[in-house]
$ cat structure-v6.cif   # mmCIF, C-alpha atoms
data_start
loop_
_atom_site.label_atom_id
_atom_site.label_comp_id
_atom_site.auth_asym_id
_atom_site.auth_seq_id
_atom_site.Cartn_x
_atom_site.Cartn_y
_atom_site.Cartn_z
CA MET S 1 -4.65 3.49 -23.88
CA LEU S 2 -4.08 -0.22 -23.36
CA ILE S 3 -0.80 0.51 -21.57
CA ILE S 4 -2.52 2.89 -19.15
CA PHE S 5 -5.19 0.25 -18.54
CA ILE S 6 -2.58 -2.43 -17.77
CA ARG S 7 -0.50 -0.11 -15.58
CA ALA S 8 -3.59 0.99 -13.63
CA ALA S 9 -4.65 -2.65 -13.13
CA VAL S 10 -1.16 -3.70 -11.99
CA LEU S 11 -0.85 -0.79 -9.56
CA TYR S 12 -4.38 -1.29 -8.23
CA LEU S 13 -3.76 -4.98 -7.51
CA PHE S 14 -0.41 -4.13 -5.94
CA ILE S 15 -1.98 -1.52 -3.63
CA VAL S 16 -4.80 -3.89 -2.65
CA VAL S 17 -2.21 -6.50 -1.63
CA ILE S 18 -0.19 -3.94 0.34
CA MET S 19 -3.28 -2.52 2.09
CA ARG S 20 -4.42 -6.06 2.99
CA LEU S 21 -0.99 -6.79 4.43
CA MET S 22 -1.17 -3.58 6.44
CA GLY S 23 -4.26 -4.72 8.34
CA LYS S 24 -7.92 -4.00 8.67
CA LYS S 25 -8.00 -0.61 10.34
CA GLN S 26 -10.21 2.11 8.88
CA ILE S 27 -9.09 5.67 8.26
CA GLY S 28 -10.54 6.96 11.55
CA GLU S 29 -8.76 4.27 13.56
CA LEU S 30 -5.31 4.70 12.06
CA GLN S 31 -2.29 5.73 14.05
CA PRO S 32 -0.66 8.95 12.75
CA THR S 33 2.12 7.01 10.99
CA GLU S 34 -0.40 4.68 9.34
CA LEU S 35 -2.54 7.61 8.21
CA VAL S 36 0.49 9.17 6.51
CA VAL S 37 1.16 5.90 4.67
CA ALA S 38 -2.49 5.57 3.54
CA LEU S 39 -2.56 9.14 2.22
CA VAL S 40 0.84 9.05 0.51
CA ILE S 41 0.21 5.69 -1.19
CA ALA S 42 -2.72 7.19 -3.09
CA ASP S 43 -0.52 9.93 -4.52
CA LEU S 44 2.46 7.69 -5.24
CA SER S 45 0.40 5.32 -7.33
CA ALA S 46 -1.39 8.07 -9.28
CA VAL S 47 1.76 9.38 -11.03
CA PRO S 48 3.05 6.15 -12.63
CA MET S 49 -0.55 5.16 -13.37
CA GLU S 50 -1.13 8.13 -15.68
CA SER S 51 2.39 9.09 -16.80
CA LEU S 52 3.75 6.68 -19.38
CA ASN S 53 7.19 8.26 -19.20
CA THR S 54 7.64 7.08 -15.63
CA PRO S 55 8.68 3.45 -15.04
CA ILE S 56 6.09 1.59 -12.98
CA PHE S 57 8.82 0.76 -10.44
CA TYR S 58 8.91 4.48 -9.54
CA GLY S 59 5.49 3.88 -7.97
CA ILE S 60 6.02 0.36 -6.65
CA ILE S 61 9.33 0.95 -4.84
CA PRO S 62 8.18 3.95 -2.71
CA ILE S 63 4.96 2.12 -1.79
CA LEU S 64 6.98 -0.93 -0.76
CA THR S 65 9.33 1.32 1.20
CA LEU S 66 6.41 2.83 3.14
CA PHE S 67 5.06 -0.64 3.82
CA ILE S 68 8.49 -1.79 5.06
CA ILE S 69 8.91 1.22 7.35
CA GLY S 70 5.34 0.81 8.64
CA GLU S 71 5.90 -2.86 9.46
CA ILE S 72 9.23 -2.17 11.15
CA PHE S 73 7.62 0.61 13.23
CA SER S 74 4.79 -1.75 14.23
CA TYR S 75 7.25 -4.43 15.25
CA VAL S 76 9.45 -2.04 17.22
CA ALA S 77 6.37 -0.54 18.92
CA LEU S 78 5.20 -4.03 19.84
CA LYS S 79 8.52 -4.90 21.46
CA SER S 80 9.35 -1.63 23.21
CA ASP S 81 7.10 0.64 25.28
CA LYS S 82 9.49 3.55 24.91
CA ALA S 83 9.54 3.21 21.12
CA ARG S 84 5.74 2.94 21.05
CA GLY S 85 5.50 6.24 22.92
CA ILE S 86 7.81 7.93 20.42
CA ILE S 87 6.26 6.45 17.26
CA TYR S 88 2.56 6.45 18.10
CA GLY S 89 2.42 8.86 21.05
CA LYS S 90 0.79 8.13 24.40
CA PRO S 91 -2.84 8.35 25.48
CA SER S 92 -3.58 11.62 27.29
CA ILE S 93 -5.87 11.93 30.28
CA ILE S 94 -8.19 14.87 29.58
CA VAL S 95 -10.62 14.41 32.50
CA GLU S 96 -9.40 12.97 35.79
CA HIS S 97 -11.76 12.32 38.73
CA GLY S 98 -14.37 14.45 36.96
CA LYS S 99 -12.00 17.43 36.60
CA ILE S 100 -10.90 18.72 33.20
CA LEU S 101 -7.10 18.89 32.94
CA GLU S 102 -6.63 22.25 31.24
CA PRO S 103 -2.86 22.01 30.57
CA GLU S 104 -3.32 18.62 28.87
CA MET S 105 -6.21 19.99 26.78
CA ARG S 106 -3.98 22.87 25.67
CA LYS S 107 -1.08 20.52 24.90
CA GLN S 108 -3.30 18.31 22.73
CA ARG S 109 -5.03 21.34 21.14
CA PHE S 110 -8.34 19.78 22.22
CA ASN S 111 -10.98 22.36 23.04
CA ILE S 112 -14.00 22.23 25.37
CA ASN S 113 -16.39 21.95 22.42
CA ASP S 114 -14.49 18.91 21.10
CA LEU S 115 -14.67 17.35 24.54
CA LEU S 116 -18.40 18.02 24.99
CA GLU S 117 -19.11 16.72 21.49
CA GLN S 118 -17.21 13.48 22.13
CA LEU S 119 -18.94 13.06 25.51
CA ARG S 120 -22.36 13.47 23.87
CA ILE S 121 -21.45 10.99 21.10
CA SER S 122 -20.39 8.49 23.77
CA GLY S 123 -23.72 8.88 25.59
CA TYR S 124 -22.55 11.01 28.55
CA PRO S 125 -23.97 14.51 27.98
CA LEU S 126 -23.17 15.56 31.55
CA LEU S 127 -19.54 16.17 32.40
CA GLY S 128 -20.39 15.37 36.01
CA ASP S 129 -21.06 11.73 35.06
CA VAL S 130 -17.53 11.25 33.77
CA GLU S 131 -14.73 10.00 36.01
CA TYR S 132 -12.05 9.72 33.32
CA ALA S 133 -11.82 10.80 29.69
CA ILE S 134 -8.75 9.61 27.82
CA LEU S 135 -7.68 10.85 24.42
CA GLU S 136 -6.29 7.76 22.68
CA THR S 137 -3.41 7.79 20.19
CA THR S 138 -5.88 7.29 17.32
CA GLY S 139 -7.68 10.52 18.32
CA GLU S 140 -10.68 8.73 19.83
CA LEU S 141 -11.92 9.67 23.29
CA SER S 142 -12.44 6.81 25.75
CA ILE S 143 -14.80 7.56 28.59
CA ILE S 144 -14.94 5.86 31.96
CA PRO S 145 -18.09 7.03 33.78
CA LYS S 146 -18.47 7.40 37.55
CA SER S 147 -19.37 4.01 39.05
CA ASP S 148 -22.93 5.06 39.89
CA LYS S 149 -23.50 6.38 36.35
CA ARG S 150 -22.41 3.36 34.38
CA PRO S 151 -25.03 1.07 32.79
CA VAL S 152 -26.34 -1.80 34.94
CA THR S 153 -24.83 -5.15 34.05
CA VAL S 154 -26.25 -8.65 34.42
CA GLU S 155 -23.71 -9.20 37.17
CA ASP S 156 -25.06 -6.19 39.11
CA MET S 157 -28.53 -7.77 38.94
CA LYS S 158 -27.14 -11.09 40.20
CA LEU S 159 -28.88 -12.94 37.35
CA LYS S 160 -27.67 -16.20 35.90
CA VAL S 161 -27.43 -16.20 32.12
CA GLN S 162 -26.13 -18.71 29.67
CA GLN S 163 -23.10 -17.76 27.59
CA GLU S 164 -24.21 -17.10 24.03
CA GLU S 165 -22.34 -18.81 21.22
CA LEU S 166 -21.27 -17.09 18.04
CA PRO S 167 -24.01 -17.53 15.39
CA ILE S 168 -22.71 -19.47 12.40
CA THR S 169 -23.92 -18.87 8.85
CA ALA S 170 -25.24 -22.09 7.28
CA ILE S 171 -26.81 -20.95 3.98
CA ILE S 172 -26.52 -17.74 1.98
CA ASP S 173 -28.62 -17.38 -1.16
CA GLY S 174 -28.99 -21.15 -1.52
CA ARG S 175 -25.30 -21.94 -0.99
CA VAL S 176 -24.49 -24.25 1.94
CA PHE S 177 -21.44 -23.35 4.05
CA THR S 178 -20.27 -26.85 4.96
CA TYR S 179 -17.06 -25.55 6.51
CA ASN S 180 -19.07 -23.43 9.00
CA LEU S 181 -21.24 -26.43 9.91
CA HIS S 182 -18.13 -28.48 10.65
CA LEU S 183 -16.93 -25.73 12.99
CA MET S 184 -20.01 -26.43 15.12
CA ASP S 185 -19.56 -30.23 14.83
CA LEU S 186 -22.57 -30.38 12.52
CA ASP S 187 -22.86 -31.85 9.05
CA GLU S 188 -25.03 -31.75 5.94
CA ASP S 189 -27.20 -34.60 7.25
CA TRP S 190 -28.10 -32.47 10.25
CA LEU S 191 -28.83 -29.53 7.92
CA ASN S 192 -31.06 -31.66 5.67
CA GLU S 193 -32.90 -32.89 8.76
CA GLN S 194 -33.52 -29.29 9.85
CA LEU S 195 -34.69 -28.35 6.35
CA SER S 196 -37.17 -31.25 6.19
CA LYS S 197 -38.42 -30.42 9.71
CA ASN S 198 -39.27 -26.95 8.40
CA ASN S 199 -40.81 -28.30 5.17
CA ILE S 200 -38.03 -26.94 2.98
CA SER S 201 -37.31 -29.18 0.03
CA SER S 202 -33.87 -27.86 -0.86
CA PRO S 203 -31.22 -25.46 0.54
CA LYS S 204 -31.64 -23.56 -2.76
CA ASP S 205 -34.98 -22.23 -1.45
CA VAL S 206 -33.29 -20.59 1.54
CA PHE S 207 -32.13 -16.98 1.30
CA PHE S 208 -30.31 -16.93 4.65
CA ALA S 209 -29.96 -19.46 7.43
CA TYR S 210 -27.80 -19.56 10.53
CA VAL S 211 -27.23 -21.72 13.57
CA GLU S 212 -27.70 -20.06 16.94
CA ASN S 213 -26.27 -21.36 20.22
CA GLY S 214 -24.82 -24.38 18.50
CA LYS S 215 -28.13 -26.06 17.64
CA ASP S 216 -31.03 -23.67 16.86
CA PHE S 217 -31.67 -23.46 13.14
CA LYS S 218 -33.05 -20.09 12.00
CA PHE S 219 -33.86 -19.28 8.40
CA GLN S 220 -35.49 -16.95 5.92
CA LEU S 221 -36.81 -18.29 2.61
CA LYS S 222 -36.25 -16.69 -0.76
CA GLU S 223 -39.18 -14.55 -1.92
CA ASN S 224 -39.89 -16.80 -4.92
CA SER S 225 -39.81 -19.94 -2.73
CA LYS S 226 -42.50 -18.58 -0.40
CA SER S 227 -45.01 -18.25 -3.25
CA LYS S 228 -44.50 -21.89 -4.34
CA MET P 1 4.66 -11.71 11.99
CA LYS P 2 4.04 -12.75 8.38
CA PRO P 3 3.80 -9.16 7.04
CA LEU P 4 7.01 -8.30 8.94
CA LEU P 5 8.85 -11.19 7.27
CA LEU P 6 7.48 -10.06 3.92
CA ALA P 7 8.60 -6.49 4.69
CA ILE P 8 12.13 -7.76 5.46
CA LEU P 9 12.10 -9.81 2.25
CA PHE P 10 10.99 -6.75 0.24
CA LEU P 11 13.70 -4.67 1.94
CA ILE P 12 16.37 -7.17 0.91
CA ILE P 13 14.97 -7.32 -2.65
CA ILE P 14 14.93 -3.52 -2.93
CA ILE P 15 18.49 -3.09 -1.59
CA VAL P 16 19.95 -5.93 -3.70
CA GLY P 17 17.87 -4.96 -6.76
CA SER P 18 18.79 -1.26 -6.56
CA THR P 19 22.48 -2.01 -6.08
CA ALA P 20 22.49 -4.47 -8.99
CA THR P 21 20.59 -1.97 -11.17
CA LEU P 22 23.03 0.81 -10.34
CA TYR P 23 26.00 -1.47 -11.06
CA TYR P 24 24.48 -2.61 -14.36
CA VAL P 25 23.52 0.91 -15.51
CA THR P 26 26.95 2.33 -14.59
CA ASN P 27 28.84 -0.44 -16.42
CA LYS P 28 26.63 -0.25 -19.48
CA ALA P 29 26.85 3.55 -19.60
CA GLU P 30 30.67 3.32 -19.45
CA GLU P 31 30.65 0.76 -22.26
CA LEU P 32 28.34 2.89 -24.42
CA GLY P 33 30.41 6.00 -23.59
CA GLY P 34 33.57 4.16 -24.74
CA GLN P 35 31.91 3.29 -28.06
CA LEU P 36 30.93 6.93 -28.53
CA VAL P 37 34.55 8.06 -27.88
CA LYS P 38 35.79 5.70 -30.63
CA LEU P 39 33.08 6.96 -32.95
CA GLU P 40 34.09 10.53 -32.18
CA GLU P 41 37.73 9.78 -33.13
CA HIS P 42 36.67 8.47 -36.55
CA VAL P 43 34.34 11.40 -37.16
CA ASP P 44 37.12 13.77 -36.12
CA THR P 45 39.60 12.19 -38.56
CA GLY P 46 36.99 12.10 -41.32
CA ASN P 47 36.94 8.29 -41.58
CA TRP P 48 33.22 8.27 -42.45
CA SER P 49 32.87 4.65 -43.58
CA LYS P 50 34.33 3.40 -40.29
CA ALA P 51 32.26 5.97 -38.38
CA HIS P 52 29.09 4.68 -40.02
CA GLU P 53 30.02 1.11 -39.20
CA LEU P 54 30.66 2.01 -35.56
CA TYR P 55 27.40 3.96 -35.47
CA LYS P 56 25.51 0.84 -36.62
CA ASP P 57 27.18 -1.27 -33.91
CA PHE P 58 26.35 1.35 -31.32
CA LYS P 59 22.74 1.56 -32.48
CA LYS P 60 22.36 -2.23 -32.28
CA ASP P 61 23.77 -2.28 -28.77
CA TRP P 62 21.61 0.68 -27.78
CA VAL P 63 18.36 -0.96 -28.97
CA ASN P 64 18.96 -3.87 -26.56
CA THR P 65 19.91 -1.50 -23.74
CA ASP P 66 16.91 0.76 -24.40
CA HIS P 67 14.47 -2.08 -23.58
CA LYS P 68 16.14 -2.83 -20.26
CA TRP P 69 16.74 0.77 -19.19
CA SER P 70 13.11 1.72 -19.90
CA MET P 71 12.06 -0.41 -16.92
CA LEU P 72 14.60 1.22 -14.64
CA ILE P 73 14.96 4.90 -15.51
CA ASP P 74 12.89 7.86 -16.62
CA HIS P 75 11.82 7.42 -20.24
CA ASP P 76 12.45 11.10 -21.12
CA GLU P 77 16.23 10.72 -21.22
CA ILE P 78 15.96 7.54 -23.30
CA ASP P 79 13.70 9.38 -25.76
CA TYR P 80 16.29 12.17 -26.05
CA ILE P 81 19.07 9.65 -26.73
CA ASN P 82 16.95 8.01 -29.47
CA MET P 83 16.19 11.40 -30.99
CA TYR P 84 19.86 12.53 -31.03
CA LEU P 85 20.96 9.15 -32.43
CA GLY P 86 18.64 9.69 -35.39
CA GLU P 87 20.16 13.13 -35.97
CA LEU P 88 23.71 11.75 -35.60
CA GLU P 89 23.06 9.13 -38.28
CA ALA P 90 21.95 11.83 -40.71
CA PHE P 91 25.03 13.97 -39.97
CA ILE P 92 27.34 10.99 -40.48
CA LYS P 93 25.66 10.16 -43.80
CA MET P 94 25.97 13.80 -44.88
CA LYS P 95 29.61 13.83 -43.62
CA ASP P 96 28.81 16.93 -41.55
CA LYS P 97 31.69 16.88 -39.08
CA ALA P 98 30.73 19.87 -36.92
CA ASN P 99 27.15 18.77 -36.27
CA ALA P 100 28.10 15.09 -35.86
CA LEU P 101 30.67 16.02 -33.19
CA ALA P 102 28.14 18.25 -31.45
CA LYS P 103 25.56 15.43 -31.34
CA LEU P 104 28.20 12.97 -30.13
CA SER P 105 29.12 15.29 -27.30
CA THR P 106 25.45 15.66 -26.29
CA LEU P 107 24.95 11.88 -26.43
CA GLN P 108 28.03 11.30 -24.27
CA HIS P 109 26.75 13.77 -21.72
CA LEU P 110 23.26 12.16 -21.66
CA ILE P 111 24.61 8.64 -21.28
CA GLU P 112 27.05 9.64 -18.54
CA HIS P 113 24.29 11.54 -16.76
CA ILE P 114 22.00 8.51 -16.39
CA PRO P 115 24.08 6.56 -13.80
CA GLU P 116 25.00 9.87 -12.13
CA LYS P 117 21.30 10.51 -11.59
CA GLU P 118 20.76 7.06 -10.10
CA TYR P 119 23.69 7.25 -7.69
CA PRO P 120 22.52 7.69 -4.06
CA SER P 121 24.50 10.88 -3.43
CA LEU P 122 23.45 13.77 -1.18
CA LYS P 123 22.93 15.91 -4.29
CA ASN P 124 20.46 13.40 -5.71
CA ILE P 125 18.69 12.70 -2.42
CA PHE P 126 18.06 16.33 -1.56
#
$ encode --input "structure-v6.cif" --output "structure tokens"
Amino acid sequence: MLIIFIRAAVLYLFIVVIMRLMGKKQIGELQPTELVVALVIADLSAVPMESLNTPIFYGIIPILTLFIIGEIFSYVALKSDKARGIIYGKPSIIVEHGKILEPEMRKQRFNINDLLEQLRISGYPLLGDVEYAILETTGELSIIPKSDKRPVTVEDMKLKVQQEELPITAIIDGRVFTYNLHLMDLDEDWLNEQLSKNNISSPKDVFFAYVENGKDFKFQLKENSKSK
Amino acid sequence: MKPLLLAILFLIIIIVGSTATLYYVTNKAEELGGQLVKLEEHVDTGNWSKAHELYKDFKKDWVNTDHKWSMLIDHDEIDYINMYLGELEAFIKMKDKANALAKLSTLQHLIEHIPEKEYPSLKNIF
């Protein structure tokens, strides 16, 4: 029992490290080769985890091999367009100038219902509004609407707006994120000043606080602090 | 770039590690096989005291090998070797020549088979 526990823990930690090294993509965003790796890893680790007669290396070595091949493929695809086409495939244009390309649909085994569903999900229920629809290598459909059907932008309205800065978290559940404050050229003195301005005695009373546009302090107090 | 470097490092470790493992297992299997041949000669000639002595030496050597091989190869074959060694000891003690020779032959086959199974041949790959 203890051996199975230790083996499972070792393999779990090993897989977590490998998956972290492989990147942050989710299942739906994986390239075909990456999807294969993600699916096979699960199976490869299960056998040595439960079978005590199998050395743990019988699970570790194939997982490492898949990781190595995956990384080499990624590198080759990064360096060569031709190789990228072979390994990951190429995006396919399904709708061009508002016209469905039937041969391409057939080639990709993508039917009209799939197309209409993806168009609806993307917010273009009318095929006539679509100029281009491109089936990406991950299986997602990218849609480029006709120019007169795309959403209005601030630029279209000729309005002047200020560029928004990334909001920075300052306090979570009473813990101050000094590193984040330093990123914005702020310090704990500034934070304490903001807290006293808002009649907050200690950061420990704050549930969540962030800094907007480099200077605006926004916060929400903890429930028990409000009743004080 | 960092994961790629790690991948290359892992690749080198796997290739070097597998080659070293194969080399070690092959050499050790040959050595153990040689000891079994000597043991077989003494059993065959009926020199039971010498056979028992050689068996003890073999067993001692095997216990050390067992620990290392368990990390590298399927445990089933190691379990079989341990089981047949126990039987062989009893046959040597009982001076049962026919059964002792039969067990020795099986043990030789099992020990020779282990590096064969690890060798990257077409038969093993497919």
$ interface_residues --input "structure-v6.cif" --of "chain P" --to "chain S" --cutoff "8 Å" --atoms "only C-alpha atoms" --output "ChimeraX atom specification"
/P:3-4,7-8,10-11,14,70-76
$ resolve_selection --input "structure-v6.cif" --expression "the PyMOL selection byres ((chain P and resi 61) around 12)" --output "list in words"
Lys28, Ala29, Glu31, Leu32, Gly33, Gln35, Leu36, Leu54, Tyr55, Lys56, Asp57, Phe58, Lys59, Lys60, Trp62, Val63, Asn64, Thr65, Asp66, His67 and Lys68 of chain P
$ resolve_selection --input "structure-v6.cif" --expression "the PyMOL selection byres ((chain S and resi 131) around 12)" --output "list of chain:residue names"
S:Ile93, S:Ile94, S:Val95, S:Glu96, S:His97, S:Gly98, S:Lys99, S:Ile100, S:Leu119, S:Tyr124, S:Leu126, S:Leu127, S:Gly128, S:Asp129, S:Val130, S:Tyr132, S:Ala133, S:Ile134, S:Ser142, S:Ile143, S:Ile144, S:Pro145, S:Lys146, S:Ser147, S:Asp148, S:Lys149, S:Arg150
$ residues_around --input "structure-v6.cif" --residues "stretch 174-185 of chain S" --least-positions-apart "4" --cutoff "6 Å" --atoms "all atoms listed in the file" --output "list in words"
Ala170, Pro203, Lys204, Val206 and Phe207 of chain S
$ axis_aligned_box --input "structure-v6.cif" --around "stretch 67-77 of chain P" --padding-each-side "8 Å" --output "lines of an AutoDock Vina configuration file"
center_x = 14.3
center_y = 4.1
center_z = -19.1
size_x = 20.9
size_y = 29.9
size_z = 24.9
